[in-house]
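Next comes coords-v2.tsv, a file with TSV, C-alpha atoms.
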```tsv
chain	number	residue	atom	x	y	z
B	1	MET	CA	94.27	189.65	66.00
B	2	ASN	CA	91.92	191.14	63.38
B	3	ARG	CA	92.00	194.54	61.67
B	4	LYS	CA	89.89	196.25	64.31
B	5	GLU	CA	92.27	194.92	66.96
B	6	ILE	CA	95.18	196.25	64.91
B	7	ASP	CA	93.62	199.73	65.01
B	8	LEU	CA	93.01	199.44	68.75
B	9	ARG	CA	96.53	198.24	69.46
B	10	ARG	CA	98.07	201.01	67.36
B	11	MET	CA	96.24	203.65	69.37
B	12	VAL	CA	97.44	202.00	72.58
B	13	GLN	CA	101.05	201.80	71.40
B	14	GLN	CA	100.96	205.42	70.26
B	15	ARG	CA	99.82	206.34	73.81
B	16	LEU	CA	96.56	207.89	72.61
B	17	ILE	CA	94.22	205.81	74.80
B	18	GLN	CA	96.46	204.15	77.40
B	19	ASP	CA	99.57	204.94	79.44
B	20	PRO	CA	100.20	208.55	78.35
B	21	LEU	CA	103.74	209.86	78.79
B	22	ASP	CA	104.67	212.99	80.71
B	23	ASP	CA	107.77	214.40	79.04
B	24	PRO	CA	108.13	215.69	75.47
B	25	LYS	CA	111.64	214.34	75.00
B	26	GLU	CA	110.62	210.94	76.32
B	27	LEU	CA	107.61	210.83	74.00
B	28	VAL	CA	109.54	211.86	70.88
B	29	ALA	CA	112.30	209.35	71.68
B	30	TYR	CA	109.73	206.62	72.29
B	31	MET	CA	108.12	207.30	68.90
B	32	GLY	CA	111.52	207.34	67.18
B	33	ALA	CA	110.55	210.62	65.51
B	34	VAL	CA	107.35	212.64	65.12
B	35	GLN	CA	106.47	214.34	61.85
B	36	ALA	CA	106.30	218.06	62.54
B	37	GLN	CA	105.72	219.73	59.20
B	38	GLU	CA	102.70	221.55	60.65
B	39	TYR	CA	104.34	222.87	63.82
B	40	TYR	CA	101.28	224.28	65.60
B	41	GLU	CA	99.17	221.22	64.91
B	42	THR	CA	101.91	218.78	65.86
B	43	LYS	CA	102.01	220.28	69.34
B	44	TRP	CA	98.36	219.27	69.67
B	45	GLY	CA	99.34	215.77	68.53
B	46	LEU	CA	101.94	215.62	71.30
B	47	HIS	CA	99.33	216.80	73.80
B	48	LEU	CA	96.99	213.97	72.81
B	49	ARG	CA	99.72	211.61	74.02
B	50	MET	CA	100.66	213.84	77.00
B	51	PRO	CA	97.43	215.42	78.29
B	52	SER	CA	99.17	217.28	81.10
B	53	TRP	CA	101.14	219.44	78.62
B	54	GLY	CA	99.41	222.51	77.20
B	55	ASP	CA	100.38	224.54	74.16
B	56	GLN	CA	102.51	227.07	76.04
B	57	ALA	CA	104.36	224.40	78.02
B	58	LEU	CA	105.25	222.59	74.79
B	59	GLU	CA	106.40	225.86	73.25
B	60	GLU	CA	108.73	226.38	76.19
B	61	ALA	CA	110.07	222.83	75.88
B	62	PHE	CA	110.84	223.50	72.22
B	63	ALA	CA	112.54	226.81	73.06
B	64	GLN	CA	114.69	225.06	75.65
B	65	GLY	CA	115.79	222.42	73.14
B	66	ARG	CA	114.16	219.50	74.92
B	67	ILE	CA	112.86	218.50	71.49
B	68	LEU	CA	114.45	219.51	68.19
B	69	ARG	CA	112.88	220.12	64.79
B	70	THR	CA	114.76	219.32	61.60
B	71	HIS	CA	114.42	217.79	58.16
B	72	ALA	CA	114.89	214.04	58.40
B	73	MET	CA	114.02	210.66	56.95
B	74	ARG	CA	111.65	211.08	53.94
B	75	PRO	CA	112.55	214.01	54.23
B	76	THR	CA	110.22	216.42	55.92
B	77	TRP	CA	110.21	218.27	59.22
B	78	HIS	CA	110.34	215.96	62.24
B	79	PHE	CA	110.72	216.34	65.98
B	80	LEU	CA	113.69	214.35	67.30
B	81	ALA	CA	115.07	213.93	70.79
B	82	PRO	CA	118.43	215.75	71.19
B	83	GLU	CA	120.25	212.51	72.03
B	84	ASP	CA	119.02	210.90	68.79
B	85	ILE	CA	119.58	213.57	66.17
B	86	ARG	CA	123.08	212.51	65.05
B	87	TRP	CA	122.52	208.78	64.68
B	88	VAL	CA	119.10	209.12	63.06
B	89	GLN	CA	120.49	211.53	60.47
B	90	ARG	CA	123.52	209.33	59.85
B	91	LEU	CA	121.28	206.27	59.42
B	92	THR	CA	118.70	207.81	57.07
B	93	GLY	CA	120.27	210.95	55.60
B	94	HIS	CA	122.31	209.20	52.91
B	95	ARG	CA	119.09	208.00	51.26
B	96	VAL	CA	117.77	211.57	51.10
B	97	HIS	CA	121.03	212.85	49.63
B	98	ARG	CA	120.84	210.20	46.94
B	99	GLY	CA	117.24	211.10	46.12
B	100	SER	CA	118.09	214.81	46.06
B	101	GLY	CA	121.11	214.38	43.80
B	102	HIS	CA	119.32	215.70	40.71
B	103	MET	CA	118.28	218.84	42.59
B	104	TYR	CA	121.81	219.40	43.91
B	105	ARG	CA	123.07	219.24	40.31
B	106	ARG	CA	120.25	221.42	38.97
B	107	LEU	CA	120.94	224.07	41.63
B	108	GLU	CA	124.73	223.79	41.09
B	109	LEU	CA	125.35	222.68	44.65
B	110	ASP	CA	128.60	220.82	44.24
B	111	GLU	CA	130.90	219.67	47.04
B	112	PRO	CA	132.96	222.91	47.28
B	113	VAL	CA	129.81	225.08	47.49
B	114	LEU	CA	128.19	222.87	50.11
B	115	GLN	CA	131.35	222.65	52.21
B	116	ARG	CA	131.86	226.42	52.09
B	117	SER	CA	128.21	226.89	53.08
B	118	GLY	CA	128.74	224.67	56.11
B	119	GLU	CA	131.74	226.75	57.14
B	120	VAL	CA	129.64	229.92	56.88
B	121	PHE	CA	126.93	228.36	59.05
B	122	VAL	CA	129.46	227.44	61.74
B	123	GLN	CA	131.00	230.93	61.69
B	124	SER	CA	127.56	232.56	61.84
B	125	LEU	CA	126.03	230.39	64.57
B	126	GLU	CA	128.87	229.45	66.90
B	127	GLY	CA	128.74	230.86	70.39
B	128	GLY	CA	125.08	230.04	70.86
B	129	ARG	CA	123.76	232.38	68.16
B	130	CYS	CA	120.44	231.45	66.52
B	131	LEU	CA	119.59	232.92	63.13
B	132	THR	CA	116.56	232.79	60.88
B	133	ARG	CA	116.55	231.31	57.39
B	134	THR	CA	116.69	234.81	55.90
B	135	GLU	CA	119.66	235.77	58.06
B	136	LEU	CA	121.58	232.63	57.11
B	137	GLY	CA	120.85	233.37	53.45
B	138	GLN	CA	122.30	236.84	53.93
B	139	ALA	CA	125.41	235.37	55.56
B	140	LEU	CA	125.89	233.07	52.59
B	141	GLY	CA	125.46	236.00	50.20
B	142	GLU	CA	128.12	238.00	52.05
B	143	ALA	CA	130.44	235.02	51.59
B	144	GLY	CA	129.83	235.06	47.83
B	145	ILE	CA	127.34	232.16	47.74
B	146	GLN	CA	124.08	232.92	45.97
B	147	ALA	CA	121.37	231.51	48.26
B	148	SER	CA	117.67	232.21	47.97
B	149	GLY	CA	114.52	230.25	47.22
B	150	MET	CA	115.05	226.58	46.48
B	151	ARG	CA	118.84	226.89	46.49
B	152	LEU	CA	118.85	228.15	50.07
B	153	ALA	CA	116.30	225.51	51.07
B	154	TYR	CA	118.46	222.69	49.75
B	155	ILE	CA	121.64	224.08	51.34
B	156	LEU	CA	119.88	224.26	54.70
B	157	MET	CA	118.40	220.78	54.33
B	158	TYR	CA	121.77	219.34	53.32
B	159	TRP	CA	123.33	220.51	56.56
B	160	GLU	CA	120.33	219.47	58.61
B	161	LEU	CA	120.73	215.94	57.22
B	162	GLU	CA	124.43	216.12	58.08
B	163	ALA	CA	123.45	217.06	61.67
B	164	LEU	CA	125.34	220.33	61.53
B	165	ILE	CA	122.28	222.54	62.14
B	166	CYS	CA	118.82	222.11	63.63
B	167	SER	CA	116.12	224.24	65.19
B	168	GLY	CA	116.85	226.94	67.70
B	169	PRO	CA	114.21	228.73	69.82
B	170	ARG	CA	111.61	230.68	67.90
B	171	ARG	CA	111.98	234.43	67.62
B	172	GLY	CA	108.42	235.61	67.81
B	173	LYS	CA	106.74	233.50	65.13
B	174	GLN	CA	109.95	232.99	63.17
B	175	PHE	CA	111.92	229.76	63.36
B	176	THR	CA	115.67	229.92	63.86
B	177	TYR	CA	118.60	227.57	63.28
B	178	ALA	CA	121.33	226.59	65.73
B	179	LEU	CA	124.39	224.35	65.67
B	180	VAL	CA	123.69	220.77	66.67
B	181	ALA	CA	127.02	220.69	68.53
B	182	GLU	CA	125.75	223.47	70.81
B	183	ARG	CA	122.02	222.73	70.83
B	184	ALA	CA	122.46	219.00	71.47
B	185	PRO	CA	125.92	218.40	72.96
B	186	GLN	CA	124.59	215.13	74.42
B	187	ALA	CA	123.77	213.73	70.96
B	188	LEU	CA	124.88	210.12	70.52
B	189	ASP	CA	126.64	208.82	67.42
B	190	LEU	CA	125.81	205.11	67.22
B	191	GLU	CA	127.43	202.65	64.85
B	192	ARG	CA	125.24	201.76	61.88
B	193	GLU	CA	124.03	198.33	63.02
B	194	GLU	CA	123.27	199.57	66.53
B	195	ALA	CA	121.39	202.56	65.12
B	196	LEU	CA	119.42	200.40	62.67
B	197	ALA	CA	118.43	197.94	65.39
B	198	GLU	CA	117.40	200.76	67.74
B	199	PHE	CA	115.36	202.63	65.13
B	200	THR	CA	113.61	199.42	64.13
B	201	ARG	CA	112.73	198.56	67.73
B	202	ARG	CA	111.40	202.06	68.41
B	203	TYR	CA	109.21	202.18	65.34
B	204	PHE	CA	107.54	198.80	65.81
B	205	ARG	CA	107.18	199.30	69.58
B	206	SER	CA	105.41	202.65	69.17
B	207	HIS	CA	103.63	202.09	65.84
B	208	GLY	CA	103.06	198.33	65.77
B	209	PRO	CA	101.39	196.24	64.64
B	210	ALA	CA	102.94	197.44	61.37
B	211	THR	CA	104.48	195.95	58.26
B	212	GLU	CA	107.91	196.10	56.70
B	213	HIS	CA	106.46	198.41	54.03
B	214	ASP	CA	105.07	200.70	56.74
B	215	PHE	CA	108.49	201.11	58.34
B	216	SER	CA	110.15	201.61	54.95
B	217	TRP	CA	107.67	204.37	54.08
B	218	TRP	CA	107.98	206.04	57.48
B	219	SER	CA	111.76	205.93	57.78
B	220	GLY	CA	112.85	206.29	54.16
B	221	LEU	CA	114.94	203.10	54.51
B	222	THR	CA	114.90	200.43	51.81
B	223	LEU	CA	113.07	197.15	52.38
B	224	GLY	CA	116.46	195.46	52.53
B	225	GLU	CA	117.54	197.78	55.34
B	226	VAL	CA	114.21	197.23	57.12
B	227	ARG	CA	114.64	193.45	57.02
B	228	GLU	CA	118.20	193.79	58.25
B	229	GLY	CA	116.90	195.95	61.12
B	230	LEU	CA	114.30	193.33	62.04
B	231	ALA	CA	117.01	190.69	62.18
B	232	LEU	CA	119.20	192.93	64.33
B	233	ALA	CA	116.28	193.72	66.69
B	234	GLY	CA	116.25	190.07	67.75
B	235	ASP	CA	113.60	188.82	70.15
B	236	ALA	CA	112.48	192.35	71.11
B	237	LEU	CA	109.99	192.11	68.23
B	238	THR	CA	107.62	189.41	67.08
B	239	ALA	CA	105.29	188.99	64.10
B	240	GLU	CA	101.85	187.64	63.25
B	241	VAL	CA	100.31	186.99	59.83
B	242	ILE	CA	96.84	188.55	59.55
B	243	ASP	CA	94.81	188.14	56.37
B	244	GLY	CA	97.95	187.19	54.50
B	245	THR	CA	99.99	190.19	55.71
B	246	ARG	CA	102.83	189.96	58.26
B	247	TYR	CA	102.64	192.51	61.06
B	248	TRP	CA	105.49	193.21	63.48
B	249	PHE	CA	105.15	194.56	67.01
B	250	ALA	CA	106.86	194.53	70.41
B	251	ALA	CA	107.17	191.08	71.93
B	252	ASP	CA	106.23	192.37	75.38
B	253	LEU	CA	102.93	194.11	74.62
B	254	VAL	CA	101.05	195.16	77.74
B	255	PRO	CA	97.38	194.08	78.01
B	256	VAL	CA	94.85	196.52	76.63
B	257	SER	CA	92.82	197.91	79.53
B	258	PRO	CA	88.99	197.99	79.52
B	259	GLN	CA	89.24	201.79	79.75
B	260	ALA	CA	91.32	201.84	76.55
B	261	VAL	CA	88.76	199.70	74.75
B	262	GLU	CA	85.98	202.06	75.82
B	263	ALA	CA	87.99	205.11	74.74
B	264	PHE	CA	88.70	203.50	71.37
B	265	GLU	CA	85.04	202.74	70.75
B	266	ARG	CA	83.51	205.95	72.08
B	267	ARG	CA	85.97	208.86	72.03
B	268	VAL	CA	86.07	211.18	69.05
B	269	PHE	CA	89.59	212.34	68.18
B	270	LEU	CA	90.55	215.54	66.41
B	271	LEU	CA	93.79	214.27	64.90
B	272	PRO	CA	96.09	217.03	63.61
B	273	THR	CA	97.35	217.26	60.07
B	274	LEU	CA	100.00	214.60	59.41
B	275	ASP	CA	99.58	212.96	62.80
B	276	GLU	CA	101.66	209.81	63.31
B	277	LEU	CA	98.46	207.74	63.43
B	278	LEU	CA	97.71	209.01	59.93
B	279	VAL	CA	101.11	209.09	58.22
B	280	GLY	CA	103.00	206.53	60.29
B	281	TYR	CA	101.90	203.73	57.95
B	282	GLY	CA	102.05	203.13	54.20
B	283	LEU	CA	98.93	202.61	52.14
B	284	HIS	CA	98.10	198.93	51.88
B	285	ALA	CA	95.18	196.60	52.52
B	286	GLY	CA	95.64	196.54	56.28
B	287	SER	CA	96.34	200.21	56.78
B	288	ARG	CA	94.18	202.20	59.17
B	289	MET	CA	93.91	204.91	56.54
B	290	GLY	CA	93.39	202.47	53.66
B	291	SER	CA	90.47	201.95	51.33
B	292	ARG	CA	88.18	200.53	54.03
B	293	ASP	CA	87.31	204.09	55.00
B	294	LEU	CA	85.46	206.49	52.70
B	295	GLY	CA	87.92	209.20	51.74
B	296	GLY	CA	90.67	207.63	53.82
B	297	ASP	CA	93.40	207.75	51.19
B	298	GLU	CA	93.00	211.50	50.90
B	299	LEU	CA	92.25	212.38	54.52
B	300	ARG	CA	95.38	210.72	55.91
B	301	PHE	CA	97.27	213.90	54.97
B	302	PHE	CA	94.81	216.28	56.60
B	303	ALA	CA	93.43	217.05	60.04
B	304	THR	CA	91.04	214.16	60.52
B	305	VAL	CA	88.13	213.39	62.83
B	306	THR	CA	88.09	209.73	63.89
B	307	ARG	CA	86.17	207.43	66.22
B	308	GLY	CA	87.41	203.90	66.65
B	309	GLU	CA	88.38	202.59	63.22
B	310	ARG	CA	86.07	205.03	61.42
B	311	ILE	CA	86.91	208.34	59.81
B	312	LEU	CA	84.13	210.85	60.50
B	313	GLY	CA	85.47	213.76	58.48
B	314	SER	CA	88.06	216.51	58.38
B	315	TRP	CA	88.49	219.61	60.54
B	316	ARG	CA	90.40	222.83	60.90
B	317	ARG	CA	90.85	225.47	63.57
B	318	LEU	CA	89.93	229.13	63.16
B	319	LEU	CA	91.40	231.39	65.83
B	320	ARG	CA	89.36	234.35	66.96
B	321	ARG	CA	90.17	236.88	69.65
B	322	ASP	CA	89.29	234.67	72.62
B	323	VAL	CA	87.68	231.71	70.87
B	324	VAL	CA	88.87	228.84	68.73
B	325	GLU	CA	86.30	227.69	66.19
B	326	VAL	CA	86.53	223.99	65.34
B	327	GLU	CA	85.15	223.72	61.82
B	328	VAL	CA	84.23	220.14	60.90
B	329	ALA	CA	83.32	218.77	57.46
B	330	PRO	CA	81.64	215.40	58.16
B	331	LEU	CA	81.75	212.51	55.70
B	332	HIS	CA	78.33	211.33	56.83
B	333	GLU	CA	75.46	212.38	59.05
B	334	LEU	CA	76.76	212.31	62.61
B	335	SER	CA	74.86	210.43	65.27
B	336	ALA	CA	73.92	212.14	68.52
B	337	GLU	CA	76.70	210.21	70.27
B	338	GLU	CA	79.25	211.30	67.66
B	339	ARG	CA	78.16	214.90	67.97
B	340	GLN	CA	78.53	214.72	71.75
B	341	GLY	CA	81.98	213.20	71.40
B	342	LEU	CA	82.96	215.92	68.96
B	343	GLU	CA	81.85	218.63	71.39
B	344	GLU	CA	83.86	217.04	74.20
B	345	GLU	CA	87.00	216.77	72.08
B	346	ALA	CA	86.64	220.36	70.91
B	347	GLN	CA	86.54	221.46	74.54
B	348	ARG	CA	89.78	219.56	75.19
B	349	PHE	CA	91.33	221.37	72.24
B	350	GLY	CA	90.17	224.71	73.57
B	351	GLU	CA	91.64	223.97	76.99
B	352	PHE	CA	94.95	223.02	75.33
B	353	LEU	CA	95.08	226.46	73.68
B	354	GLY	CA	93.67	228.30	76.67
B	355	LEU	CA	90.64	229.41	74.66
B	356	ARG	CA	86.92	228.76	74.59
B	357	ALA	CA	86.03	226.34	71.79
B	358	VAL	CA	82.94	226.21	69.60
B	359	VAL	CA	82.07	223.60	66.96
B	360	ARG	CA	80.71	224.47	63.54
B	361	LEU	CA	79.67	221.82	61.00
B	362	VAL	CA	80.14	222.76	57.35
B	363	GLY	CA	79.17	221.08	54.12
B	364	LYS	CA	76.35	218.68	53.58
B	365	GLU	CA	76.37	215.64	55.84
B	366	ARG	CA	75.94	212.50	53.76
B	367	PRO	CA	73.71	209.69	54.97
B	368	SER	CA	75.58	206.95	56.84
```
As structure tokens, how would this structure be written, given the file I've shared?
Amino acid sequence: MNRKEIDLRRMVQQRLIQDPLDDPKELVAYMGAVQAQEYYETKWGLHLRMPSWGDQALEEAFAQGRILRTHAMRPTWHFLAPEDIRWVQRLTGHRVHRGSGHMYRRLELDEPVLQRSGEVFVQSLEGGRCLTRTELGQALGEAGIQASGMRLAYILMYWELEALICSGPRRGKQFTYALVAERAPQALDLEREEALAEFTRRYFRSHGPATEHDFSWWSGLTLGEVREGLALAGDALTAEVIDGTRYWFAADLVPVSPQAVEAFERRVFLLPTLDELLVGYGLHAGSRMGSRDLGGDELRFFATVTRGERILGSWRRLLRRDVVEVEVAPLHELSAEERQGLEEEAQRFGEFLGLRAVVRLVGKERPS
């Protein structure tokens, strides 16, 4: 396996060019978690792996609680499957609490304040109620707890990491919170070693080939915990040393189809901001978003246009009345084939939103 084959295999394992899934909960569980800081764009990222699901269908799945959104792992917003939310938070949340300790102290969030806040959340949300961030802040204020700005944000995140609260259905464009006990009554609570082994298997099966450092970055776990997880995963995972770096992946990889190879080499992808293919790996010599690609280190955190192992540029969407404009800033002069691929992908994006799509190139294209 060489680096190009690593890129190809990652796209296969992430279900971008082979064997798409057909259920949001199944996809999110398969991935272990999906970063969802940019909510609207992440739905497009799910669609790329589930082409039969449009924007509105995914919105309905979220409203129904088939996938949940919460702070987790590094931490930032992630989609998690309802069954997984308790054990993932128990496995990774303690690391976030430790890293946030200085902010808890700075904001005077001691144990009594946090525990009282949790009680207020339960009283305010029980019975299936879903409240916005502002409304929960008001409830805390009525209970004598000053909560606004960063203080409210850290109180909410604390109880997300403790799996007390998570996303409820949106109210218009506003996000709400609900009790995990009511939103995900089926949530499992695995013992630590079982959870660590499961999380390790899921990451390397969906993101592999990947390194120990990749998983540590993605999950927020220490390298010691990652290595323990690899040992616990047993023969479900295997490894190969490539250019001096050890990569782990599922032991039962399916063959890459000729159609997947063609899609990898020819299809242009409009990857959303913070897509798992961009942020699912740490920066190192073998990373897809590493220094081999012009601008790669910066673009991994933005909506990125890719083709095969190459980064073509960045993009953003501009919504008009009945049109979505796909504005692309190329890194180099696009070939006729790349332009055609970009047009085709933009049309897919428009169909996902139920809008007509047009492409507009901005900035000066640099010579290849």
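Going from CA of Leu27 (chain B) over to CA of Tyr40 (chain B), you cover 17.1 Å.
The list of residues with at least one atom within 12 Å of Glu240 (chain B), based on only C-alpha atoms and without residues fewer than 4 positions apart in the same chain, reads B:Met1, B:Asn2, B:Ile6, B:Gly208, B:Pro209, B:Ala210, B:Thr211, B:Gly244, B:Thr245, B:Arg246, B:Tyr247, B:Trp248, B:Phe249, B:Ala250, B:Ala251.
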Which polymer residues, whether protein, DNA or RNA, lie within 12 Å of the coordinate (82.6, 195.4, 71.5) when you count only C-alpha atoms? List them as a VMD selection string, using the chain letters and numbers from the file. chain B and resid 4 to 5 8 258 260 to 266 308
Counting all atoms listed in the file, which residues of region 208-294 of chain B sit at most 9 Å from some atom of region 68-75 of chain B, and what is each one's closest atom pair with its distance in Å to one decimal, listed by chain and rising residue number, as a tab-separated table?
```
residue	atom	partner	partner_atom	distance
B:Trp217	CA	B:Arg74	CA	7.8
B:Trp218	CA	B:Arg74	CA	7.2
B:Ser219	CA	B:Met73	CA	5.3
B:Gly220	CA	B:Arg74	CA	4.9
B:Leu221	CA	B:Met73	CA	8.0
```
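Using only C-alpha atoms, the protein and nucleic acid residues lying no more than 8 Å from region 28-30 of chain B, apart from those fewer than 5 places from it along its own chain, are Ile67, Phe79, Leu80, Ala81, Asp84, Arg202 and Ser206 of chain B.
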Pull C-alpha atoms from the residues just selected and write them as a CSV table (one decimal), in the coordinates of the input.
```
chain,number,residue,atom,x,y,z
B,67,ILE,CA,112.9,218.5,71.5
B,79,PHE,CA,110.7,216.3,66.0
B,80,LEU,CA,113.7,214.4,67.3
B,81,ALA,CA,115.1,213.9,70.8
B,84,ASP,CA,119.0,210.9,68.8
B,202,ARG,CA,111.4,202.1,68.4
B,206,SER,CA,105.4,202.6,69.2
```
Around the point (88.9, 222.2, 59.2) (coordinates from the file), which residues reach within 6 Å if we count only C-alpha atoms? Answer as a list in words. Ser314, Trp315, Arg316, Arg317, Glu327 and Val328 of chain B
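Of the residues under consideration (B:Leu46, B:Leu16, B:Pro255, B:Phe204), B:Phe204 shows the shortest atom-to-atom contact distance to Ala236 (chain B) when counting only C-alpha atoms.
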Within 8 Å of region 54-65 of chain B using all atoms listed in the file, minus same-chain residues under 5 positions, as a PyMOL selection string: chain B and resi 24+43-44+47+82+168-170+183-184+351-353
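Reported to one decimal place, the separation of CA of Gln35 (chain B) from CA of Gln89 (chain B) is 14.4 Å.
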Have a look at CA of Leu278 (chain B) and CA of Pro330 (chain B) and let me know their distance in Å, one decimal. 17.4 Å
Where atoms are missing, can you supply all heavy atoms for region 169-177 of chain B and output the lot as a short mmCIF file (atom, residue, chain, number, x, y, z; two decimals), keeping the file's coordinate frame?
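Dumped everything to selection02.cif:
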```cif
data_model
loop_
_atom_site.label_atom_id
_atom_site.label_comp_id
_atom_site.auth_asym_id
_atom_site.auth_seq_id
_atom_site.Cartn_x
_atom_site.Cartn_y
_atom_site.Cartn_z
N PRO B 169 115.49 228.21 69.30
CA PRO B 169 114.21 228.73 69.82
C PRO B 169 113.58 229.67 68.80
O PRO B 169 114.28 230.30 68.00
CB PRO B 169 114.61 229.47 71.09
CG PRO B 169 116.04 229.83 70.89
CD PRO B 169 116.64 228.73 70.07
N ARG B 170 112.27 229.76 68.82
CA ARG B 170 111.61 230.68 67.90
C ARG B 170 111.83 232.12 68.33
O ARG B 170 111.95 232.42 69.51
CB ARG B 170 110.12 230.36 67.83
CG ARG B 170 109.83 229.02 67.18
CD ARG B 170 108.47 228.99 66.54
NE ARG B 170 107.40 229.18 67.51
CZ ARG B 170 106.16 229.55 67.19
NH1 ARG B 170 105.85 229.80 65.93
NH2 ARG B 170 105.23 229.66 68.12
N ARG B 171 111.87 233.00 67.36
CA ARG B 171 111.98 234.43 67.62
C ARG B 171 110.66 235.05 67.19
O ARG B 171 110.43 235.28 66.00
CB ARG B 171 113.14 235.03 66.83
CG ARG B 171 113.47 236.47 67.22
CD ARG B 171 114.44 237.08 66.25
NE ARG B 171 115.67 236.31 66.12
CZ ARG B 171 116.52 236.45 65.11
NH1 ARG B 171 116.25 237.30 64.13
NH2 ARG B 171 117.62 235.72 65.06
N GLY B 172 109.78 235.26 68.16
CA GLY B 172 108.42 235.61 67.81
C GLY B 172 107.79 234.41 67.11
O GLY B 172 107.77 233.31 67.65
N LYS B 173 107.31 234.60 65.89
CA LYS B 173 106.74 233.50 65.13
C LYS B 173 107.74 232.91 64.14
O LYS B 173 107.42 231.97 63.41
CB LYS B 173 105.49 233.97 64.39
CG LYS B 173 104.32 234.31 65.32
CD LYS B 173 103.07 234.62 64.53
CE LYS B 173 101.89 234.89 65.47
NZ LYS B 173 100.63 235.17 64.71
N GLN B 174 108.95 233.47 64.12
CA GLN B 174 109.95 232.99 63.17
C GLN B 174 110.76 231.84 63.78
O GLN B 174 111.13 231.88 64.95
CB GLN B 174 110.90 234.12 62.78
CG GLN B 174 110.27 235.22 61.98
CD GLN B 174 111.32 236.18 61.45
OE1 GLN B 174 111.99 235.92 60.46
NE2 GLN B 174 111.47 237.30 62.13
N PHE B 175 111.06 230.85 62.94
CA PHE B 175 111.92 229.76 63.36
C PHE B 175 113.38 230.16 63.15
O PHE B 175 113.70 230.92 62.23
CB PHE B 175 111.62 228.49 62.57
CG PHE B 175 110.29 227.87 62.93
CD1 PHE B 175 109.15 228.19 62.19
CD2 PHE B 175 110.18 227.00 63.99
CE1 PHE B 175 107.93 227.63 62.51
CE2 PHE B 175 108.95 226.44 64.32
CZ PHE B 175 107.83 226.75 63.58
N THR B 176 114.25 229.66 64.00
CA THR B 176 115.67 229.92 63.86
C THR B 176 116.43 228.60 63.74
O THR B 176 115.89 227.52 63.99
CB THR B 176 116.24 230.71 65.06
OG1 THR B 176 116.23 229.87 66.23
CG2 THR B 176 115.45 231.98 65.32
N TYR B 177 117.70 228.71 63.37
CA TYR B 177 118.60 227.57 63.28
C TYR B 177 119.72 227.74 64.31
O TYR B 177 120.13 228.86 64.63
CB TYR B 177 119.22 227.47 61.89
CG TYR B 177 118.24 227.06 60.81
CD1 TYR B 177 117.46 228.01 60.16
CD2 TYR B 177 118.11 225.73 60.44
CE1 TYR B 177 116.57 227.65 59.16
CE2 TYR B 177 117.22 225.35 59.44
CZ TYR B 177 116.46 226.31 58.81
OH TYR B 177 115.58 225.93 57.82
#
```
